[in-house]
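Reproduced below: coords27.tsv, with TSV, C-alpha atoms.
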chain	number	residue	atom	x	y	z
A	8	MET	CA	114.59	-140.14	11.01
A	9	ALA	CA	118.10	-138.89	10.14
A	10	ALA	CA	117.92	-136.24	12.88
A	11	ALA	CA	116.80	-138.86	15.41
A	12	LEU	CA	119.69	-141.11	14.38
A	13	VAL	CA	122.18	-138.28	14.82
A	14	LYS	CA	120.80	-137.50	18.30
A	15	LEU	CA	120.87	-141.18	19.24
A	16	THR	CA	124.43	-141.57	17.98
A	17	GLU	CA	125.53	-138.43	19.79
A	18	ALA	CA	123.95	-139.63	23.03
A	19	HIS	CA	125.75	-142.97	22.80
A	20	ILE	CA	129.06	-141.25	22.08
A	21	LEU	CA	128.68	-138.98	25.09
A	22	ALA	CA	127.84	-141.94	27.30
A	23	ALA	CA	130.85	-143.85	26.01
A	24	ALA	CA	133.09	-140.84	26.54
A	25	ASN	CA	132.13	-140.72	30.20
A	26	TYR	CA	133.42	-144.25	30.62
A	27	GLY	CA	136.35	-143.90	28.22
A	28	VAL	CA	135.57	-147.17	26.43
A	29	LEU	CA	135.95	-146.08	22.77
A	30	PRO	CA	139.35	-146.62	21.16
A	31	ARG	CA	140.53	-143.67	19.08
A	32	ASP	CA	140.14	-145.47	15.74
A	33	VAL	CA	136.56	-146.45	16.58
A	34	LEU	CA	135.78	-142.92	17.75
A	35	PHE	CA	137.34	-141.60	14.52
A	36	ASP	CA	135.01	-143.77	12.41
A	37	VAL	CA	131.90	-142.90	14.42
A	38	LEU	CA	132.52	-139.15	14.41
A	39	LEU	CA	133.24	-139.28	10.70
A	40	ARG	CA	129.59	-140.18	10.11
A	41	LEU	CA	128.22	-137.03	11.74
A	42	PRO	CA	127.56	-133.74	9.94
A	43	ALA	CA	129.75	-130.71	10.58
A	44	ASP	CA	127.26	-128.85	12.78
A	45	GLU	CA	126.98	-131.84	15.14
A	46	LEU	CA	130.76	-132.14	15.34
A	47	CYS	CA	131.06	-128.49	16.26
A	48	ARG	CA	128.90	-129.11	19.32
A	49	LEU	CA	130.90	-132.22	20.22
A	50	ARG	CA	134.12	-130.20	20.45
A	51	ILE	CA	133.21	-129.21	24.00
A	52	VAL	CA	133.05	-132.80	25.29
A	53	CYS	CA	136.75	-132.92	26.11
A	54	ARG	CA	140.16	-131.82	24.87
A	55	SER	CA	140.90	-135.12	23.16
A	56	TRP	CA	137.67	-134.89	21.15
A	57	ARG	CA	138.41	-131.30	20.23
A	58	SER	CA	141.87	-132.35	19.11
A	59	LEU	CA	140.52	-135.21	16.99
A	60	ILE	CA	137.76	-133.17	15.34
A	61	SER	CA	140.24	-130.38	14.56
A	62	ASP	CA	142.87	-132.75	13.16
A	63	PRO	CA	143.54	-131.97	9.45
A	64	LEU	CA	143.48	-135.67	8.49
A	65	PHE	CA	140.09	-136.14	10.14
A	66	ALA	CA	138.81	-132.92	8.57
A	67	LYS	CA	139.96	-134.03	5.12
A	68	ASP	CA	138.24	-137.42	5.43
A	69	HIS	CA	135.10	-135.78	6.77
A	70	SER	CA	134.98	-133.26	3.92
A	71	SER	CA	135.27	-136.02	1.30
A	72	ARG	CA	132.46	-137.97	2.94
A	73	HIS	CA	130.20	-134.92	3.35
A	74	PRO	CA	130.54	-132.91	0.11
A	75	HIS	CA	129.11	-129.41	-0.05
A	76	ILE	CA	128.79	-126.47	-2.39
A	77	ALA	CA	129.45	-122.76	-2.01
A	78	ALA	CA	126.99	-120.36	-3.55
A	79	ILE	CA	126.01	-116.70	-3.53
A	80	HIS	CA	122.52	-116.02	-2.23
A	81	ARG	CA	120.98	-113.66	-4.76
A	82	GLU	CA	118.80	-111.72	-2.34
A	83	SER	CA	121.22	-111.18	0.55
A	84	GLY	CA	124.54	-111.37	-1.31
A	85	GLU	CA	125.83	-113.73	1.39
A	86	VAL	CA	128.02	-116.70	0.59
A	87	HIS	CA	126.30	-119.87	1.78
A	88	VAL	CA	127.85	-123.29	2.26
A	89	VAL	CA	125.19	-125.91	1.53
A	90	ASP	CA	125.32	-129.70	1.68
A	91	LEU	CA	123.84	-131.99	-0.98
A	92	SER	CA	120.62	-132.32	1.02
A	93	GLY	CA	120.05	-128.57	1.00
A	94	ASN	CA	121.09	-127.85	4.59
A	95	VAL	CA	122.79	-124.48	5.01
A	96	LEU	CA	125.96	-125.21	6.96
A	97	LYS	CA	127.37	-121.71	7.03
A	98	ARG	CA	126.46	-118.14	6.07
A	99	ILE	CA	129.13	-115.53	5.44
A	100	HIS	CA	128.24	-111.87	5.09
A	101	MET	CA	129.84	-110.05	2.17
A	102	GLU	CA	130.37	-106.31	1.87
A	103	HIS	CA	129.67	-106.45	-1.87
A	104	HIS	CA	127.53	-108.72	-4.01
A	105	GLY	CA	129.66	-111.20	-5.98
A	106	HIS	CA	128.90	-112.52	-9.44
A	107	ASN	CA	131.35	-115.41	-9.83
A	108	LEU	CA	132.98	-118.02	-7.57
A	109	THR	CA	136.08	-120.21	-7.80
A	110	ALA	CA	137.24	-122.46	-4.97
A	111	GLN	CA	140.69	-123.67	-3.96
A	112	LEU	CA	140.85	-125.61	-0.66
A	113	ASP	CA	139.64	-123.24	2.09
A	114	LEU	CA	139.54	-120.19	-0.11
A	115	LEU	CA	136.86	-118.76	-2.39
A	116	TYR	CA	137.70	-116.27	-5.11
A	117	VAL	CA	134.64	-114.01	-5.28
A	118	SER	CA	134.55	-111.72	-8.32
A	119	ILE	CA	132.89	-108.39	-7.55
A	120	GLY	CA	131.69	-105.73	-9.95
A	121	SER	CA	133.48	-104.85	-13.17
A	122	GLY	CA	137.18	-105.09	-13.89
A	123	HIS	CA	137.44	-108.45	-12.11
A	124	GLN	CA	137.91	-106.98	-8.68
A	125	ALA	CA	137.81	-109.86	-6.21
A	126	HIS	CA	137.66	-110.72	-2.54
A	127	VAL	CA	139.48	-113.89	-1.49
A	128	LEU	CA	137.40	-115.41	1.28
A	129	ASN	CA	138.49	-118.01	3.83
A	130	VAL	CA	135.39	-120.17	4.24
A	131	PHE	CA	136.62	-121.73	7.49
A	132	THR	CA	137.21	-118.43	9.28
A	133	GLY	CA	134.58	-116.47	7.37
A	134	MET	CA	137.08	-113.66	6.83
A	135	VAL	CA	138.19	-111.84	3.68
A	136	GLU	CA	141.93	-112.51	3.50
A	137	HIS	CA	142.81	-110.59	0.34
A	138	ARG	CA	141.34	-108.00	-1.99
A	139	THR	CA	142.52	-107.62	-5.57
A	140	GLN	CA	142.11	-104.26	-7.25
A	141	PRO	CA	140.01	-103.93	-10.41
A	142	SER	CA	141.47	-103.32	-13.86
A	143	SER	CA	139.33	-102.02	-16.71
A	144	SER	CA	141.54	-103.88	-19.18
A	145	THR	CA	140.93	-107.32	-17.66
A	146	LEU	CA	139.19	-109.85	-19.90
A	147	THR	CA	139.07	-112.75	-17.47
A	148	SER	CA	140.89	-114.10	-14.41
A	149	ALA	CA	141.72	-117.46	-12.83
A	150	PHE	CA	142.45	-118.47	-9.24
A	151	GLY	CA	145.13	-121.11	-8.72
A	152	TYR	CA	146.90	-123.06	-6.00
A	153	VAL	CA	150.45	-124.45	-6.03
A	154	PRO	CA	150.57	-127.54	-3.76
A	155	SER	CA	154.38	-127.73	-3.68
A	156	THR	CA	154.69	-124.26	-2.11
A	157	GLY	CA	151.25	-123.71	-0.58
A	158	GLU	CA	150.91	-120.49	-2.57
A	159	TYR	CA	147.67	-119.08	-3.95
A	160	LYS	CA	147.94	-117.06	-7.15
A	161	VAL	CA	145.65	-115.06	-9.40
A	162	LEU	CA	146.07	-114.81	-13.17
A	163	ARG	CA	144.37	-112.09	-15.16
A	164	ILE	CA	144.34	-111.82	-18.95
A	165	LEU	CA	144.40	-108.28	-20.26
A	166	LEU	CA	143.05	-106.62	-23.39
A	167	ARG	CA	146.54	-105.63	-24.49
A	168	LYS	CA	147.43	-109.28	-25.16
A	169	ALA	CA	149.36	-109.62	-21.92
A	170	CYS	CA	148.89	-111.33	-18.56
A	171	GLU	CA	149.57	-110.46	-14.96
A	172	VAL	CA	150.06	-112.73	-11.96
A	173	ILE	CA	149.92	-111.98	-8.25
A	174	THR	CA	150.89	-114.21	-5.33
A	175	LEU	CA	148.58	-113.80	-2.38
A	176	GLY	CA	149.90	-113.57	1.16
A	177	SER	CA	153.54	-113.06	0.22
A	178	GLY	CA	155.91	-110.12	0.34
A	179	ASN	CA	154.78	-109.37	-3.19
A	180	ASN	CA	151.12	-109.23	-2.17
A	181	GLY	CA	149.50	-106.32	-3.98
A	182	SER	CA	152.15	-106.31	-6.73
A	183	TRP	CA	151.18	-107.70	-10.13
A	184	ARG	CA	153.92	-109.26	-12.27
A	185	GLN	CA	153.82	-108.96	-16.04
A	186	ARG	CA	153.79	-112.28	-17.88
A	187	PRO	CA	153.54	-113.18	-21.58
A	188	GLY	CA	150.08	-113.41	-23.07
A	189	PRO	CA	148.40	-116.65	-24.17
A	190	PRO	CA	149.72	-118.21	-27.39
A	191	ILE	CA	146.47	-117.59	-29.30
A	192	PHE	CA	145.08	-114.49	-27.65
A	193	LYS	CA	141.96	-113.85	-29.73
A	194	SER	CA	140.72	-117.41	-29.28
A	195	ILE	CA	140.63	-117.59	-25.47
A	196	ALA	CA	137.07	-118.07	-24.18
A	197	VAL	CA	136.34	-115.84	-21.17
A	198	SER	CA	133.16	-117.44	-19.80
A	199	SER	CA	133.52	-119.49	-16.60
A	200	ARG	CA	131.91	-122.47	-18.35
A	201	TYR	CA	134.94	-122.66	-20.67
A	202	MET	CA	137.54	-122.47	-17.89
A	203	ALA	CA	138.70	-124.91	-15.21
A	204	GLN	CA	141.49	-125.03	-12.63
A	205	VAL	CA	142.95	-128.45	-11.85
A	206	GLY	CA	145.89	-128.67	-9.51
A	207	SER	CA	148.28	-125.86	-10.36
A	208	VAL	CA	147.09	-125.42	-13.96
A	209	ALA	CA	144.33	-123.22	-15.40
A	210	TYR	CA	142.69	-124.44	-18.61
A	211	PHE	CA	140.88	-122.30	-21.19
A	212	MET	CA	138.73	-123.53	-24.05
A	213	LEU	CA	139.35	-121.85	-27.41
A	214	GLU	CA	136.49	-120.14	-29.24
A	215	PRO	CA	135.90	-122.28	-32.37
A	216	PRO	CA	134.88	-119.38	-34.67
A	217	LEU	CA	138.03	-117.44	-33.74
A	218	ALA	CA	140.56	-120.22	-33.52
A	219	PRO	CA	143.05	-120.67	-36.38
A	220	ALA	CA	142.42	-123.50	-38.83
A	221	GLU	CA	145.12	-125.68	-37.27
A	222	ILE	CA	143.36	-125.52	-33.88
A	223	LYS	CA	140.32	-127.75	-34.01
A	224	LEU	CA	136.97	-127.38	-32.33
A	225	ASP	CA	138.02	-128.37	-28.83
A	226	GLY	CA	141.55	-127.03	-28.50
A	227	ILE	CA	142.55	-126.07	-24.94
A	228	ALA	CA	145.18	-123.58	-23.77
A	229	SER	CA	146.80	-124.04	-20.34
A	230	PHE	CA	148.61	-121.78	-17.88
A	231	ASP	CA	150.96	-123.28	-15.29
A	232	PHE	CA	150.84	-121.41	-11.95
A	233	VAL	CA	154.16	-122.99	-10.89
A	234	THR	CA	156.24	-121.62	-13.77
A	235	GLU	CA	153.82	-118.74	-14.47
A	236	GLU	CA	154.05	-119.58	-18.16
A	237	TRP	CA	151.61	-120.65	-20.85
A	238	ARG	CA	152.34	-124.12	-22.10
A	239	PRO	CA	153.65	-123.78	-25.68
A	240	THR	CA	151.36	-126.38	-27.25
A	241	MET	CA	147.60	-126.63	-27.23
A	242	ILE	CA	145.93	-129.65	-25.65
A	243	GLN	CA	143.85	-131.35	-28.30
A	244	GLY	CA	140.47	-132.35	-26.94
A	245	PRO	CA	138.85	-135.70	-27.78
A	246	LEU	CA	136.22	-134.39	-30.19
A	247	ARG	CA	138.30	-134.26	-33.37
A	248	LYS	CA	139.94	-137.64	-32.98
A	249	LEU	CA	137.46	-139.76	-31.09
A	250	VAL	CA	133.91	-138.48	-31.47
A	251	LYS	CA	131.94	-138.52	-34.71
A	252	TYR	CA	128.59	-136.88	-34.02
A	253	PRO	CA	125.89	-136.53	-36.68
A	254	THR	CA	125.60	-133.10	-38.23
A	255	GLY	CA	124.13	-130.83	-35.59
A	256	LEU	CA	124.91	-128.40	-32.85
A	257	VAL	CA	127.60	-129.52	-30.45
A	258	SER	CA	128.29	-127.40	-27.39
A	259	LEU	CA	131.44	-127.72	-25.30
A	260	GLN	CA	132.33	-126.97	-21.70
A	261	LEU	CA	135.22	-127.54	-19.32
A	262	ALA	CA	134.87	-128.83	-15.78
A	263	LYS	CA	136.94	-130.15	-12.91
A	264	LEU	CA	135.78	-133.50	-11.57
A	265	ASN	CA	137.71	-135.20	-8.76
A	266	ASP	CA	141.03	-133.62	-9.79
A	267	TYR	CA	140.58	-134.40	-13.49
A	268	LEU	CA	140.09	-131.97	-16.34
A	269	VAL	CA	136.86	-132.93	-18.07
A	270	THR	CA	135.34	-131.80	-21.35
A	271	VAL	CA	131.57	-131.86	-21.56
A	272	HIS	CA	130.16	-132.39	-25.05
A	273	TYR	CA	126.50	-131.57	-25.64
A	274	ASN	CA	124.86	-133.15	-28.70
A	275	ASN	CA	121.46	-131.95	-29.88
A	276	GLN	CA	120.81	-135.04	-32.01
A	277	ASP	CA	120.23	-137.45	-29.12
A	278	ASP	CA	120.43	-134.96	-26.21
A	279	THR	CA	123.44	-136.62	-24.59
A	280	ARG	CA	126.27	-135.19	-22.55
A	281	ASP	CA	129.57	-137.06	-22.90
A	282	LEU	CA	132.14	-136.58	-20.13
A	283	TRP	CA	135.72	-137.08	-21.30
A	284	PHE	CA	138.48	-137.24	-18.64
A	285	LEU	CA	142.02	-136.11	-19.48
A	286	GLU	CA	144.32	-139.02	-18.59
A	287	ASP	CA	147.63	-137.78	-20.10
A	288	VAL	CA	148.13	-134.08	-20.75
A	289	ASP	CA	151.30	-134.54	-22.84
A	290	LYS	CA	149.65	-137.02	-25.20
A	291	SER	CA	146.19	-135.38	-25.14
A	292	LEU	CA	144.82	-138.77	-24.10
A	293	TRP	CA	141.16	-138.77	-23.05
A	294	THR	CA	138.77	-141.42	-21.75
A	295	LYS	CA	135.00	-141.18	-22.06
A	296	ARG	CA	133.75	-142.36	-18.68
A	297	TYR	CA	130.15	-141.17	-18.85
A	298	SER	CA	127.52	-140.72	-21.55
A	299	VAL	CA	124.55	-139.06	-19.92
A	300	ARG	CA	121.11	-138.89	-21.50
A	301	CYS	CA	119.77	-135.63	-20.17
A	302	GLU	CA	116.29	-134.56	-19.30
A	303	GLY	CA	114.76	-131.18	-20.01
A	304	GLY	CA	116.05	-130.50	-23.52
A	305	LEU	CA	119.20	-129.10	-25.08
A	306	PHE	CA	118.96	-125.62	-23.64
A	307	LEU	CA	118.76	-126.72	-19.98
A	308	ASP	CA	122.33	-126.58	-18.77
A	309	HIS	CA	123.77	-129.73	-17.16
A	310	HIS	CA	127.07	-128.83	-15.49
A	311	PRO	CA	128.92	-131.64	-13.66
A	312	LEU	CA	130.18	-130.81	-10.17
A	313	LEU	CA	131.32	-134.02	-8.50
A	314	VAL	CA	131.70	-137.79	-8.85
A	315	LEU	CA	130.50	-139.51	-5.68
A	316	ASP	CA	132.18	-142.56	-4.16
A	317	ASP	CA	129.48	-144.83	-5.59
A	318	GLY	CA	130.09	-143.54	-9.14
A	319	ARG	CA	127.06	-141.24	-9.40
A	320	VAL	CA	127.72	-137.83	-10.91
A	321	VAL	CA	126.28	-134.70	-9.31
A	322	PHE	CA	125.10	-132.11	-11.83
A	323	LEU	CA	123.86	-128.58	-11.50
A	324	VAL	CA	120.73	-128.71	-13.67
A	325	GLY	CA	119.04	-125.34	-13.85
A	326	GLN	CA	117.98	-124.58	-10.28
A	327	TYR	CA	118.52	-128.10	-8.94
A	328	LEU	CA	121.30	-130.43	-7.84
A	329	ARG	CA	120.67	-133.84	-9.38
A	330	SER	CA	122.63	-137.09	-9.44
A	331	TYR	CA	122.97	-139.42	-12.41
A	332	ASP	CA	123.54	-143.16	-12.00
A	333	GLN	CA	125.07	-144.56	-15.18
A	334	ARG	CA	124.49	-148.15	-14.06
A	335	THR	CA	120.71	-147.66	-14.17
A	336	SER	CA	120.58	-144.60	-16.48
A	337	THR	CA	118.42	-142.83	-13.90
A	338	TRP	CA	118.31	-139.36	-12.38
A	339	ALA	CA	117.58	-138.47	-8.75
A	340	ASP	CA	116.82	-135.05	-7.28
A	341	LEU	CA	119.13	-134.02	-4.43
A	342	THR	CA	118.02	-130.49	-3.56
A	343	THR	CA	117.04	-127.16	-5.03
A	344	VAL	CA	119.46	-124.27	-5.33
A	345	ARG	CA	116.74	-121.81	-6.28
A	346	GLY	CA	117.79	-118.35	-5.15
A	347	TYR	CA	121.51	-119.05	-5.60
A	348	HIS	CA	123.89	-117.99	-8.34
A	349	PRO	CA	126.65	-118.84	-9.00
A	350	VAL	CA	127.32	-122.29	-7.51
A	351	CYS	CA	130.61	-124.20	-7.20
A	352	MET	CA	132.01	-127.14	-5.26
A	353	HIS	CA	133.92	-126.31	-2.10
A	354	HIS	CA	136.45	-128.98	-1.17
A	355	GLY	CA	137.76	-127.35	2.00
A	356	SER	CA	136.71	-128.30	5.52
A	357	LEU	CA	134.38	-126.55	7.93
A	358	LEU	CA	136.19	-128.18	10.88
A	359	CYS	CA	139.71	-126.84	10.50
A	360	SER	CA	141.74	-124.80	8.09
A	361	ALA	CA	144.31	-126.09	5.65
A	362	LYS	CA	146.15	-122.81	6.18
A	363	PRO	CA	148.56	-122.68	9.14
A	364	GLY	CA	147.66	-120.35	11.99
A	365	ALA	CA	143.91	-120.40	11.45
A	366	VAL	CA	141.64	-120.35	14.47
A	367	VAL	CA	140.00	-123.56	15.62
A	368	ASP	CA	136.43	-122.28	16.02
A	369	ALA	CA	134.65	-123.29	12.84
A	370	ALA	CA	132.22	-120.41	13.05
A	371	GLY	CA	135.01	-117.85	12.80
A	372	GLN	CA	134.31	-114.17	13.14
A	373	GLY	CA	132.66	-113.75	9.80
A	374	GLY	CA	130.22	-116.62	9.61
A	375	ALA	CA	128.19	-119.11	11.58
A	376	VAL	CA	127.93	-122.86	11.23
A	377	VAL	CA	124.28	-123.76	11.42
A	378	GLY	CA	122.20	-126.87	11.82
A	379	ALA	CA	118.78	-127.69	10.47
A	380	ALA	CA	118.33	-124.74	8.13
A	381	ARG	CA	117.23	-125.39	4.57
A	382	ALA	CA	118.49	-123.50	1.55
A	383	PRO	CA	117.98	-120.66	0.98
A	384	GLN	CA	115.90	-119.83	4.07
A	385	GLY	CA	117.01	-121.08	7.47
A	386	THR	CA	117.33	-120.26	11.12
A	387	GLU	CA	120.91	-120.15	12.31
A	388	LYS	CA	121.69	-122.19	15.39
A	389	GLY	CA	125.31	-121.20	15.63
A	390	CYS	CA	128.33	-123.27	16.61
A	391	ARG	CA	129.79	-122.75	20.04

Structure translated into structure tokens:
Amino acid sequence: MAAALVKLTEAHILAAANYGVLPRDVLFDVLLRLPADELCRLRIVCRSWRSLISDPLFAKDHSSRHPHIAAIHRESGEVHVVDLSGNVLKRIHMEHHGHNLTAQLDLLYVSIGSGHQAHVLNVFTGMVEHRTQPSSSTLTSAFGYVPSTGEYKVLRILLRKACEVITLGSGNNGSWRQRPGPPIFKSIAVSSRYMAQVGSVAYFMLEPPLAPAEIKLDGIASFDFVTEEWRPTMIQGPLRKLVKYPTGLVSLQLAKLNDYLVTVHYNNQDDTRDLWFLEDVDKSLWTKRYSVRCEGGLFLDHHPLLVLDDGRVVFLVGQYLRSYDQRTSTWADLTTVRGYHPVCMHHGSLLCSAKPGAVVDAAGQGGAVVGAARAPQGTEKGCR
């Protein structure tokens, strides 16, 4: 039914284009409803359509209306871009199999092998833009973006209680700069579930068993990519001040949801997941916006990925993408991600690049935009 609607809509648009009867704002709204693979085919209608579809403002609106994930296909090692219905929108071949993903706009930071070697992949072009060299002394790394300058940076925390930062795509590309180590080195959690990048700041949960007595259970350290400094004071999470759980296991995670830092509190007493949003970083002010009663037991991970426009929250639950509606306290299955690991949200566009000078063809040289394929198997149609 959806495919028939798309074909019908496309046919009407083409007919209207021949007569030139659609105002630009109407055309903008109609094209915004179509998936990326259909828009790629519509580029060839005329120059004005190509210009509109490739416009960064249109691409940004389209990306927000059609959210998608990036994930590594376990069998092939390819990076796949998949929408929330399970359609594979793009496949990108990788020289090496990655084991972790972080996204910033168009770019994916793909960790490869040991020592936190990474390839920085432009999803729009399908090309590897940067390669960072491994370091055996690296504990963990973070990928950041500075909106005010358009710079992408990588932070790595070293065993010798120090940090290094590199700016990608600059004259200093390939040169790591020494920076001071985190304020409480031994307490920094290195798992990706205890890290999040929001704006130009990387956040790190502290390990409760290792943290000093004055740092409570959910203390958070933060590194500012603008100043390339650790903030001198810890952010106090909401657990100590605001949440009084019964005695029992409480597990914590960090996440980025719609440009907010979020702490995820798991409680084994009633099997709930509370999502607290950081409203004021200086005052450590948090608001609990969601209390989610989870299905599948305590040990089935529920990691939040996105808040949709209608308020539903998209979670990665084991091998599935599921949405939770707090108004009705109900879950809905979106699609399976069986065969993929890891998975992250990709907020860039498949229609044009946020980076200046990028080519207009969405397929690029390193990947292909595809149509009706389903994750993880699918037949590529290509985008011409």

Between atom CA of Arg57 of chain A and atom CA of His73 of chain A, what is the spacing in Å?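 So the answer is 19.1 Å.
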
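A straight line drawn from atom CA of Thr270 of chain A to atom CA of Tyr331 of chain A is 17.1 Å long.
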
Looking at only C-alpha atoms, which of A:His353, A:Lys97, A:Lys160, A:Arg280 is the one that sits closest to Thr132 of chain A? A:Lys97

Using all atoms listed in the file, find all polymer residues with an atom at most 10 Å away from the point (150.8, -122.6, -4.6); report them as a PyMOL selection string. chain A and resi 151-160+174-175+206-207+232-233

Straight-line distance linking atom CA of Asp281 of chain A with atom CA of Tyr210 of chain A, stated in Å to one decimal: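 Atom CA of Tyr210 of chain A lies at a distance of 18.7 Å from atom CA of Asp281 of chain A.
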